[in-house]
4 protein chains.
Amino acid sequence: MTATTRVDVFRIPMDGPGDVSGLVRMFDQKLAAPEHVVAIFGKTEGNGGVNDYTREYASRSFALALSSYLNIPVSAVEERVALVMSGGTEGILSPHATVFCRAPVEGRDQSEKRLSIGFALTRDFLPEELGTGVQVQETAKAVRLAMDDAGIKNVDDVHFVQIKCPLLTSDRVRDARRRDKTVVTDDSYGSMAYSRGASALGVGLALGEIADPIDDQAILEDFSLFSTVASSSAGIELLHNVVVVLGNSQTSCSDYRISHSVMQDAIDMDGVRKAFLDGGVIENGSWEIDSSRIVNVFAKAEPSPNGLVRNFRHTMLNDTDISATRHARAAVGGLLGGMSGCGAIYVSGGAEHQGPSGGGPIAVIATA
Amino acid sequence: MTATTRVDVFRIPMDGPGDVSGLVRMFDQKLAAPEHVVAIFGKTEGNGGVNDYTREYASRSFALALSSYLNIPVSAVEERVALVMSGGTEGILSPHATVFCRAPVEGRDQSEKRLSIGFALTRDFLPEELGTGVQVQETAKAVRLAMDDAGIKNVDDVHFVQIKCPLLTSDRVRDARRRDKTVVTDDSYGSMAYSRGASALGVGLALGEIADPIDDQAILEDFSLFSTVASSSAGIELLHNVVVVLGNSQTSCSDYRISHSVMQDAIDMDGVRKAFLDGGVIENGSWEIDSSRIVNVFAKAEPSPNGLVRNFRHTMLNDTDISATRHARAAVGGLLGGMSGCGAIYVSGGAEHQGPSGGGPIAVIATA
Amino acid sequence: MTATTRVDVFRIPMDGPGDVSGLVRMFDQKLAAPEHVVAIFGKTEGNGGVNDYTREYASRSFALALSSYLNIPVSAVEERVALVMSGGTEGILSPHATVFCRAPVEGRDQSEKRLSIGFALTRDFLPEELGTGVQVQETAKAVRLAMDDAGIKNVDDVHFVQIKCPLLTSDRVRDARRRDKTVVTDDSYGSMAYSRGASALGVGLALGEIADPIDDQAILEDFSLFSTVASSSAGIELLHNVVVVLGNSQTSCSDYRISHSVMQDAIDMDGVRKAFLDGGVIENGSWEIDSSRIVNVFAKAEPSPNGLVRNFRHTMLNDTDISATRHARAAVGGLLGGMSGCGAIYVSGGAEHQGPSGGGPIAVIATA
Amino acid sequence: MTATTRVDVFRIPMDGPGDVSGLVRMFDQKLAAPEHVVAIFGKTEGNGGVNDYTREYASRSFALALSSYLNIPVSAVEERVALVMSGGTEGILSPHATVFCRAPVEGRDQSEKRLSIGFALTRDFLPEELGTGVQVQETAKAVRLAMDDAGIKNVDDVHFVQIKCPLLTSDRVRDARRRDKTVVTDDSYGSMAYSRGASALGVGLALGEIADPIDDQAILEDFSLFSTVASSSAGIELLHNVVVVLGNSQTSCSDYRISHSVMQDAIDMDGVRKAFLDGGVIENGSWEIDSSRIVNVFAKAEPSPNGLVRNFRHTMLNDTDISATRHARAAVGGLLGGMSGCGAIYVSGGAEHQGPSGGGPIAVIATA
């Protein structure tokens with residue numbers, strides 16, 4: 001990115017997964033132009049699991065709306081805009097979307113680094129490559145490309161990397177077997193974790209958080225390896241990884257900055273506080289958080305795999321009525337909602353190699 | 001209570017609703033004597049709804065254990081010990097029980113007020129009285145008796161009133177009809193809310209938070225009337241109200257004190273902070289909470305009835321997969337777990353007339 | 001309908017709520033023409049409750065596809081095609097749609113009555129009219145119009161009446177209150193039952209199953225009043241009733257016939273058998289059902305309100321984890337799937353005044 | 001068993017998992033003597049999953065009641081009575097228990113074979129043995145012992161074998177690892193399937209349905225290997241297998257006989273019919289089932305692993321809101337409830353190697 005860009009972020013509430021009125025209003029009120037939309041991260045009100053169709057419905061609805069504004073086919077929209085929908089608005093979480101716009105502006109690089117966004121795609125993966133070192137390496141490459149796209153040179157300026165990655169379906173597994181290839185698992189649901197995990201390790205590799213080589217065996221096994229900024233979610237609708245890098249760059253003249261930290265566990269208020277301190281929405285030593293400056297908060301949540309939170313047993317993993325990711329989002333959403341003063345925040349479940357075991361990355365975009 | 005008493009509180013983890021090993025250990029290690037146990041408040045890992053049998057199972061298990069230690073029948077245990085089980089340990093909440101013990105000690109009244117506990121029962125209610133002004137008035141009387149029992153004279157010294165109240169079953173409804181009497185609702189589940197609500201209003205009346213007379217019509221209608229310290233839960237196993245008052249009194253030489261505040265909504269971190277400040281586990285202006293001094297936290301949670309949390313839509317009331325009270329406990333539990341540094345806290349659902357609409361009371365017991 | 005018509009029925013499987021490939025295939029293979037589609041009844045794989053967006057997603061997907069084939073706006077599709085989506089494919093139930101096509105053909109009335117379909121709309125209802133006698137009467141009028149449209153003169157030739165009806169939202173309740181009008185309930189979920197019930201009574205009235213006048217108080221109270229052919233489902237997206245009448249008529253030269261009966265309770269195999277006998281897919285005294293002749297089966301299911309099925313307690317109404325309608329669909333689906341040899345059948349929940357209490361109508365379309 | 005025995009079976013409804021009043025009534029009315037109770041198979045109203053405490057609660061309640069009648073410790077009751085609780089009463093299924101009593105009577109072997117029951121235990125398993133060929137072989141031995149105990153010589157006279165088997169907990173996995181041993185899985189939930197599967201293969205081996213040797217790799221892999229009479233459920237509370245054999249024997253003078261068949265899939269009405277024909281509750285060619293002669297029906301249900309029921313997609317395995325076993329029990333319960341005319345039947349979930357893939361065994365006890 002040689003020219004200076006302006007990055008804008010809009011948090012729009014959604015009345016349902018098919019509600020794109022917030023986007024339409026943005027355009028009608030000339031707050032943003034349709035051609036500048038580069039990414040939409042949505043929280044939709046499904047269960048966040050295998051049969052959560054609110055993600056697909058919201059994606060199609062946004063793509064259809066943009067297709068109409070841009071006068072291009074829906075498939076062309078999906079190529080130029082990263083549509084990432086995360087299901088599950090448990091507890092106080094509120095269905096909404098975060099719309100990222102990027103426009104070229106005349107000017108020079110800024111003295112202060114401001115919010116920047118870039119994205120890149122990997123090549124399509126073969127079924128046998130999913131959840132393996134191949135996906136790790138290809139993701140790492142894409143992260144570097146997305147950093148370039150965002151005008152970010154220093155890995156320390158990367159604060160959140162959102163990835164959408166494929167999963168294994170029965171068809172894909174059969175295809176691999178016909179070619180005498182082995183897949184990491186033949187369970188579709190299980191493959192989501194492998195794909196998320198390998199993608200997160202790719203982020204860690206690109207950012208120097210993890211050293212090469214990464215053993216295939218480490219994926220979903222060695223949770224001491226993780227990225228502090230990766231957030232990945234698997235979806236059935238693609239064969240490659242979509243990588244969106246969020247960071248700060250002198251090439252951006254945005255009104256916003258992004259900061260991040262890590263929650264060590266699901267109740268790590270201090271971890272959240274660190275991100276808030278870095279983001280300037282709280283002063284050192286103070287209790288008062290300036291919610292009005294927060295545009296959105298982004299976090300990954302998971303039930304601690306060892307069944308404990310600070311030595312007390314949690315029941316999330318043994319609940320046959322409510323899936324563990326729903327529990328985790330509800331709880332972490334409660335804490336982050338309390339701290340940010342708002343339920344329309346991006347809390348996503350399934351944090352394999354994304355932050356430490358039982359914890360996860362936490363990022364904040366706020367006015368600079 | 002003329003003599004000085006010593007009140008002790010123990011938080012014991014539970015491996016399941018039938019696990020009473022924590023209680024047994026207390027006795028074996030001589031931390032407390034079985035005859036001094038006056039109340040057990042449990043959080044059990046069921047769904048907290050109509051078909052949550054973990055409450056009944058835990059109650060029976062504790063009663064059976066005490067019956068064996070005290071060498072009295074189970075029914076006699078239930079008369080002398082207030083067994084209050086609240087179902088639902090969503091998110092980071094951890095199954096546990098809080099055991100309250102009260103022993104007479106030699107000595108005089110203290111200069112400082114310390115944790116005190118008292119309890120009282122109402123008379124049995126007729127089906128047609130449940131959820132009406134009769135239940136309000138009788139509960140108010142019992143609260144005053146329980147205050148006496150706790151050695152508390154000033155209503156300002158009452159910080160949490162836990163009530164267990166009856167509900168309407170089909171049998172009880174039929175009984176009323178045979179006598180040509182009207183009941184507030186013939187839906188068992190709905191009657192739980194009426195009974196909780198009327199009980200909470202009774203607390204408010206006794207403590208002067210609400211002025212007499214309270215119109216029958218106000219119950220479950222006028223939510224501007226509420227108590228800031230009432231916490232009530234309905235159960236099928238009784239016909240009267242059990243009232244447990246927790247407060248501070250000079251007649252107690254406990255190591256602990258209790259304080260409380262009110263959460264205005266489910267993300268009201270400031271409300272929690274106020275209770276923590278009063279409880280001395282946090283210093284004014286400071287961020288650092290001294291978790292090690294907290295014995296337990298007690299709160300009621302509910303989904304805001306207007307469907308909004310600070311103007312953002314929540315989805316708890318429209319979720320046909322997960323009951324709204326489970327959502328609410330998970331979220332409020334996440335916030336309180338983060339602030340208190342522990343998941344073994346008492347967060348209970350269904351807060352009609354218990355704190356403001358969408359919010360609820362919050363109390364803390366900590367070392368003085 | 002003066003001219004003779006040909007009615008065709010297609011059962012198409014769905015891979016998800018957004019999958020319209022079955023419809024596309026029908027058109028591509030010239031099995032039917034887009035302009036002849038008059039109704040689509042879908043079973044979608046959501047929870048069938050308030051937050052089931054699979055219904056809306058499927059409706060929009062079908063409307064969008066037809067809009068493209070017919071080259072008319074989506075809104076125009078919704079006016080000419082009755083899109084009725086019922087959520088919930090529990091147990092062995094399989095997501096699918098039944099597409100009804102009606103084409104004028106040259107010829108005279110047939111000697112044998114064959115499958116016929118007609119539809120009609122009521123006027124828009126005011127909020128205060130929903131769930132009252134007004135909705136009953138207006139529905140009855142629409143049923144008579146739809147019978148005319150279907151070329152059915154005799155009420156005995158009507159075998160299934162599918163209705164889509166409105167519900168009360170907070171907005172609509174507020175609107176009524178501003179005009180000093182009373183609504184039957186201010187609970188959105190509860191209003192669905194009132195609207196379904198009043199609509200079903202309207203069917204019963206039109207078909208002479210229930211005598212006029214019907215007291216407003218009878219709605220959701222006197223379950224001895226019911227229609228044996230009504231199937232109604234409430235949706236947020238409309239303000240009027242859509243009424244689809246299915247029956248047999250000499251004006252139709254369809255290959256199919258429809259028959260019906262009533263299940264007295266959720267395990268009434270004999271009731272199903274009667275409909276099968278009338279439909280000719282089973283011979284009197286025989287055990288063998290000729291599944292190959294069945295096009296689809298349509299039924300309403302509900303948990304018996306008195307908590308009993310043939311004097312044994314069921315737990316559907318007390319389950320806080322799974323909604324009662326999901327339980328009921330799963331069970332009735334299991335029985336009907338076993339009898340019809342297929343899981344792609346239309347079993348819908350919520351049967352107020354639709355069949356006897358705890359039971360419901362059952363209809364079969366089969367080759368004549 | 002050399003002497004002739006009398007076997008009685010009682011189906012008692014349960015008002016909750018702690019309700020033993022049906023058992024008490026049996027004894028009070030002298031229908032059976034406490035010392036003759038040999039087995040209780042219960043259906044309790046939990047979710048049937050990992051956190052279903054209704055099984056444990058019901059077991060303890062029955063054990064406690066028997067302990068009081070027999071004047072022996074609870075642990076002694078558990079040694080002499082096979083308490084098998086299966087969680088999950090979805091749809092029309094009704095919570096109840098089947099109590100088996102066996103009393104020695106004077107007399108000779110009968111001319112007709114009548115209902116007989118026998119039970120046996122395996123030795124305790126080491127963690128590394130669970131889900132392996134060792135469990136298969138030891139179970140086979142116990143089945144032969146239980147046959148002896150039941151007075152059954154011919155494997156064709158065995159119609160249902162109920163097994164309760166252990167699972168792997170974290171503690172047990174750690175124990176194995178300390179001794180450098182490998183376990184089949186370290187996931188507790190997953191180990192239940194292994195233990196059930198290995199146990200079922202043991203039944204198949206003992207009865208000659210499967211040929212020795214059975215490869216360890218076949219367990220949970222080769223589903224062409226199965227027993228047509230095995231029904232196993234895993235529980236945390238034991239380390240050995242409890243094996244209960246139900247069949248017909250000339251040593252029994254029971255009023256009842258047992259018959260069985262196999263459901264090829266979840267909607268296999270013909271399979272059920274075969275068992276009913278053999279059981280004499282239906283006449284060949286007839287439709288009429290004589291429900292009054294049925295004491296109880298026993299079946300295993302599972303969602304077809306290939307995602308299809310007779311080529312139509314089911315959604316049980318992809319539902320993140322309701323566990324697949326709950327779906328399966330609801331559906332199969334609906335069919336069996338319809339056919340047997342009663343919801344108080346024993347339908348249990350998780351049918352690995354118990355009947356063909358997607359199907360399961362079905363047995364009927366009826367008056368001879």
# chains A, B, ... in the order shown; residues from 1 in each chain; ligands from 1
call {"tool": "residues_around", "arguments": {"residues": "Pro356 in chain C", "least_positions_apart": "6", "cutoff": "7 Å", "atoms": "only C-alpha atoms", "output": "tab-separated table (two decimals) with all heavy atoms, in the first residue's frame"}}
result
chain	number	residue	atom	x	y	z
C	223	PHE	N	-61.23	-26.59	24.46
C	223	PHE	CA	-60.57	-27.40	23.43
C	223	PHE	C	-61.46	-28.52	22.91
C	223	PHE	O	-61.02	-29.34	22.10
C	223	PHE	CB	-59.23	-27.94	23.94
C	223	PHE	CG	-58.17	-26.88	24.03
C	223	PHE	CD1	-57.59	-26.54	25.24
C	223	PHE	CD2	-57.75	-26.20	22.89
C	223	PHE	CE1	-56.61	-25.56	25.32
C	223	PHE	CE2	-56.77	-25.22	22.96
C	223	PHE	CZ	-56.20	-24.90	24.18
C	224	SER	N	-62.73	-28.55	23.39
C	224	SER	CA	-63.66	-29.50	22.78
C	224	SER	C	-64.08	-29.00	21.40
C	224	SER	O	-64.62	-29.74	20.59
C	224	SER	CB	-64.89	-29.70	23.67
C	224	SER	OG	-65.70	-28.54	23.64
C	226	PHE	N	-62.93	-27.95	17.86
C	226	PHE	CA	-61.74	-28.05	17.00
C	226	PHE	C	-62.12	-28.44	15.58
C	226	PHE	O	-63.22	-28.95	15.34
C	226	PHE	CB	-60.72	-29.05	17.56
C	226	PHE	CG	-61.24	-30.45	17.75
C	226	PHE	CD1	-61.23	-31.35	16.68
C	226	PHE	CD2	-61.73	-30.88	18.97
C	226	PHE	CE1	-61.70	-32.65	16.86
C	226	PHE	CE2	-62.20	-32.17	19.15
C	226	PHE	CZ	-62.19	-33.07	18.09
C	264	GLN	N	-56.17	-39.11	17.78
C	264	GLN	CA	-56.77	-38.72	19.06
C	264	GLN	C	-55.70	-38.35	20.07
C	264	GLN	O	-55.93	-37.56	20.98
C	264	GLN	CB	-57.65	-39.86	19.62
C	264	GLN	CG	-58.83	-40.21	18.72
C	264	GLN	CD	-59.84	-39.07	18.58
C	264	GLN	OE1	-59.98	-38.26	19.48
C	264	GLN	NE2	-60.50	-38.99	17.42
call {"tool": "residues_around", "arguments": {"residues": "Val7 in chain B", "least_positions_apart": "5", "cutoff": "9 Å", "atoms": "only C-alpha atoms", "output": "list in words"}}
result
Phe100, Cys101, Arg102, Ala103, Pro104, Arg114, Leu115, Ser116, Ile117, Ser252, Cys253, Ser254, Asp255 and Tyr256 of chain B
call {"tool": "interface_residues", "arguments": {"of": "chain B", "to": "chain D", "cutoff": "8 Å", "atoms": "only C-alpha atoms", "output": "PyMOL selection string"}}
result
chain B and resi 17-18+53-54+57+321
call {"tool": "residues_around", "arguments": {"residues": "Glu221 in chain A", "least_positions_apart": "6", "cutoff": "10 Å", "atoms": "only C-alpha atoms", "output": "PyMOL selection string"}}
result
chain A and resi 197+352-353
call {"tool": "atom_distance", "arguments": {"atom1": "CA of Arg257 in chain D", "atom2": "CA of Val77 in chain D"}}
result
26.9 Å
call {"tool": "residues_around", "arguments": {"residues": "range 155-170 of chain C", "least_positions_apart": "6", "cutoff": "8 Å", "atoms": "only C-alpha atoms", "output": "JSON, numbers by chain"}}
result
{"C": [84, 127, 130, 147, 186, 187, 188, 191, 192, 195, 196, 199, 203, 207, 208, 229, 230, 231, 232, 233, 234, 235, 236, 237, 238, 239, 240, 241, 242, 243, 244, 245, 246, 247, 248, 249, 258, 259, 260, 363]}
call {"tool": "atom_distance", "arguments": {"atom1": "CA of Ala140 in chain A", "atom2": "CA of Leu205 in chain A"}}
result
6.1 Å
call {"tool": "select_by_dssp", "arguments": {"residues": "range 142-360 of chain A", "states": "strand (DSSP E)", "output": "PyMOL selection string"}}
result
chain A and resi 158-165+230-234+242-249+256-263+294-301+308-309+312-313+346-349+360
call {"tool": "residues_around", "arguments": {"residues": "Phe10 in chain A", "least_positions_apart": "5", "cutoff": "9 Å", "atoms": "only C-alpha atoms", "output": "MDAnalysis selection string"}}
result
chainID A and resid 26 97:101 295:296
call {"tool": "residues_around", "arguments": {"residues": "Ile345 in chain D", "least_positions_apart": "5", "cutoff": "10 Å", "atoms": "only C-alpha atoms", "output": "JSON, numbers by chain"}}
result
{"D": [11, 42, 43, 89, 92, 93, 94, 95, 96, 97, 98, 295, 296, 297, 298, 299, 333, 336, 337, 340, 364]}
call {"tool": "residues_around", "arguments": {"residues": "Ser323 in chain A", "least_positions_apart": "2", "cutoff": "10 Å", "atoms": "only C-alpha atoms", "output": "MDAnalysis selection string"}}
result
(chainID A and resid 47:49 316:321 325:328) or (chainID D and resid 320:323)
call {"tool": "write_last_selection", "arguments": {"atoms": "all heavy atoms", "output": "compact mmCIF listing (two decimals), in the first residue's frame"}}
result
# COMPACT_ATOMS: atom_id res chain seq x y z
N ASN A 47 -26.81 -20.84 16.91
CA ASN A 47 -26.15 -21.54 18.00
C ASN A 47 -24.63 -21.62 17.83
O ASN A 47 -23.93 -22.14 18.69
CB ASN A 47 -26.75 -22.94 18.21
CG ASN A 47 -26.63 -23.82 16.97
OD1 ASN A 47 -25.67 -23.73 16.21
ND2 ASN A 47 -27.60 -24.71 16.77
N GLY A 48 -24.12 -21.13 16.71
CA GLY A 48 -22.68 -21.14 16.49
C GLY A 48 -22.12 -22.52 16.18
O GLY A 48 -20.91 -22.69 16.06
N GLY A 49 -23.00 -23.50 16.04
CA GLY A 49 -22.55 -24.87 15.81
C GLY A 49 -22.70 -25.29 14.35
O GLY A 49 -22.79 -24.45 13.45
N MET A 316 -18.94 -26.80 31.60
CA MET A 316 -19.22 -26.54 30.18
C MET A 316 -19.00 -27.75 29.29
O MET A 316 -19.78 -28.01 28.37
CB MET A 316 -18.35 -25.38 29.68
CG MET A 316 -18.58 -24.08 30.42
SD MET A 316 -17.65 -22.69 29.69
CE MET A 316 -16.39 -22.42 30.94
N LEU A 317 -17.93 -28.50 29.56
CA LEU A 317 -17.58 -29.61 28.66
C LEU A 317 -18.45 -30.84 28.87
O LEU A 317 -18.47 -31.74 28.05
CB LEU A 317 -16.10 -29.97 28.82
CG LEU A 317 -15.14 -28.90 28.33
CD1 LEU A 317 -13.72 -29.21 28.78
CD2 LEU A 317 -15.19 -28.79 26.80
N ASN A 318 -19.16 -30.90 29.98
CA ASN A 318 -19.98 -32.08 30.27
C ASN A 318 -21.46 -31.82 30.08
O ASN A 318 -22.27 -32.67 30.41
CB ASN A 318 -19.74 -32.54 31.72
CG ASN A 318 -18.39 -33.18 31.88
OD1 ASN A 318 -17.80 -33.65 30.91
ND2 ASN A 318 -17.89 -33.20 33.10
N ASP A 319 -21.82 -30.65 29.58
CA ASP A 319 -23.24 -30.33 29.46
C ASP A 319 -23.78 -30.85 28.13
O ASP A 319 -23.41 -30.36 27.06
CB ASP A 319 -23.44 -28.82 29.56
CG ASP A 319 -24.91 -28.46 29.72
OD1 ASP A 319 -25.78 -29.30 29.42
OD2 ASP A 319 -25.21 -27.35 30.18
N THR A 320 -24.63 -31.85 28.22
CA THR A 320 -25.20 -32.43 27.00
C THR A 320 -26.36 -31.59 26.47
O THR A 320 -26.86 -31.82 25.38
CB THR A 320 -25.64 -33.89 27.30
OG1 THR A 320 -24.51 -34.62 27.77
CG2 THR A 320 -26.15 -34.59 26.05
N ASP A 321 -26.80 -30.58 27.22
CA ASP A 321 -27.90 -29.73 26.78
C ASP A 321 -27.43 -28.49 26.02
O ASP A 321 -28.06 -28.08 25.06
CB ASP A 321 -28.75 -29.27 27.97
CG ASP A 321 -29.40 -30.45 28.67
OD1 ASP A 321 -29.98 -31.28 27.97
OD2 ASP A 321 -29.31 -30.54 29.91
N THR A 325 -19.18 -24.24 23.56
CA THR A 325 -18.84 -22.92 23.02
C THR A 325 -19.90 -21.88 23.36
O THR A 325 -19.58 -20.71 23.54
CB THR A 325 -18.64 -22.99 21.49
OG1 THR A 325 -19.75 -23.67 20.91
CG2 THR A 325 -17.37 -23.73 21.13
N ARG A 326 -21.16 -22.30 23.45
CA ARG A 326 -22.21 -21.35 23.83
C ARG A 326 -21.99 -20.87 25.27
O ARG A 326 -22.10 -19.69 25.58
CB ARG A 326 -23.61 -21.96 23.70
CG ARG A 326 -23.93 -22.44 22.28
CD ARG A 326 -25.43 -22.57 22.04
NE ARG A 326 -25.99 -21.22 21.87
CZ ARG A 326 -27.26 -20.97 21.55
NH1 ARG A 326 -28.10 -21.98 21.37
NH2 ARG A 326 -27.69 -19.74 21.42
N HIS A 327 -21.69 -21.82 26.15
CA HIS A 327 -21.37 -21.46 27.54
C HIS A 327 -20.23 -20.43 27.57
O HIS A 327 -20.30 -19.42 28.28
CB HIS A 327 -20.89 -22.70 28.31
CG HIS A 327 -21.98 -23.54 28.90
ND1 HIS A 327 -22.77 -23.12 29.93
CD2 HIS A 327 -22.39 -24.79 28.61
CE1 HIS A 327 -23.62 -24.08 30.27
NE2 HIS A 327 -23.42 -25.11 29.47
N ALA A 328 -19.17 -20.74 26.83
CA ALA A 328 -17.96 -19.91 26.90
C ALA A 328 -18.22 -18.50 26.37
O ALA A 328 -17.79 -17.51 26.96
CB ALA A 328 -16.83 -20.57 26.12
N THR D 320 -26.62 -28.95 17.01
CA THR D 320 -25.81 -28.51 18.14
C THR D 320 -26.70 -28.15 19.35
O THR D 320 -26.20 -27.93 20.44
CB THR D 320 -24.93 -27.31 17.71
OG1 THR D 320 -24.13 -27.71 16.60
CG2 THR D 320 -23.99 -26.86 18.81
N ASP D 321 -28.01 -28.12 19.17
CA ASP D 321 -28.90 -27.79 20.28
C ASP D 321 -29.39 -29.02 21.04
O ASP D 321 -29.52 -28.98 22.25
CB ASP D 321 -30.13 -27.03 19.77
CG ASP D 321 -29.74 -25.70 19.15
OD1 ASP D 321 -28.97 -24.97 19.79
OD2 ASP D 321 -30.18 -25.41 18.03
N ILE D 322 -29.68 -30.09 20.32
CA ILE D 322 -30.21 -31.30 20.95
C ILE D 322 -29.27 -32.45 20.60
O ILE D 322 -28.93 -32.63 19.44
CB ILE D 322 -31.63 -31.62 20.43
CG1 ILE D 322 -32.59 -30.47 20.74
CG2 ILE D 322 -32.14 -32.92 21.02
CD1 ILE D 322 -34.02 -30.74 20.31
N SER D 323 -28.89 -33.23 21.59
CA SER D 323 -27.95 -34.31 21.31
C SER D 323 -28.65 -35.40 20.48
O SER D 323 -29.85 -35.63 20.59
CB SER D 323 -27.39 -34.89 22.60
OG SER D 323 -28.33 -35.72 23.22
call {"tool": "select_by_dssp", "arguments": {"residues": "range 118-258 of chain C", "states": "helix (DSSP H, G or I)", "output": "PyMOL selection string"}}
result
chain C and resi 127-129+133-150+155-157+170-178+188-206+216-218
call {"tool": "atom_distance", "arguments": {"atom1": "CA of Ala146 in chain B", "atom2": "CA of Ala120 in chain B"}}
result
4.9 Å
call {"tool": "closest_residue", "arguments": {"among": "A:Lys113, A:Arg55, A:Arg25, A:Arg177", "to": "Lys153 in chain A", "atoms": "only C-alpha atoms"}}
result
A:Lys113
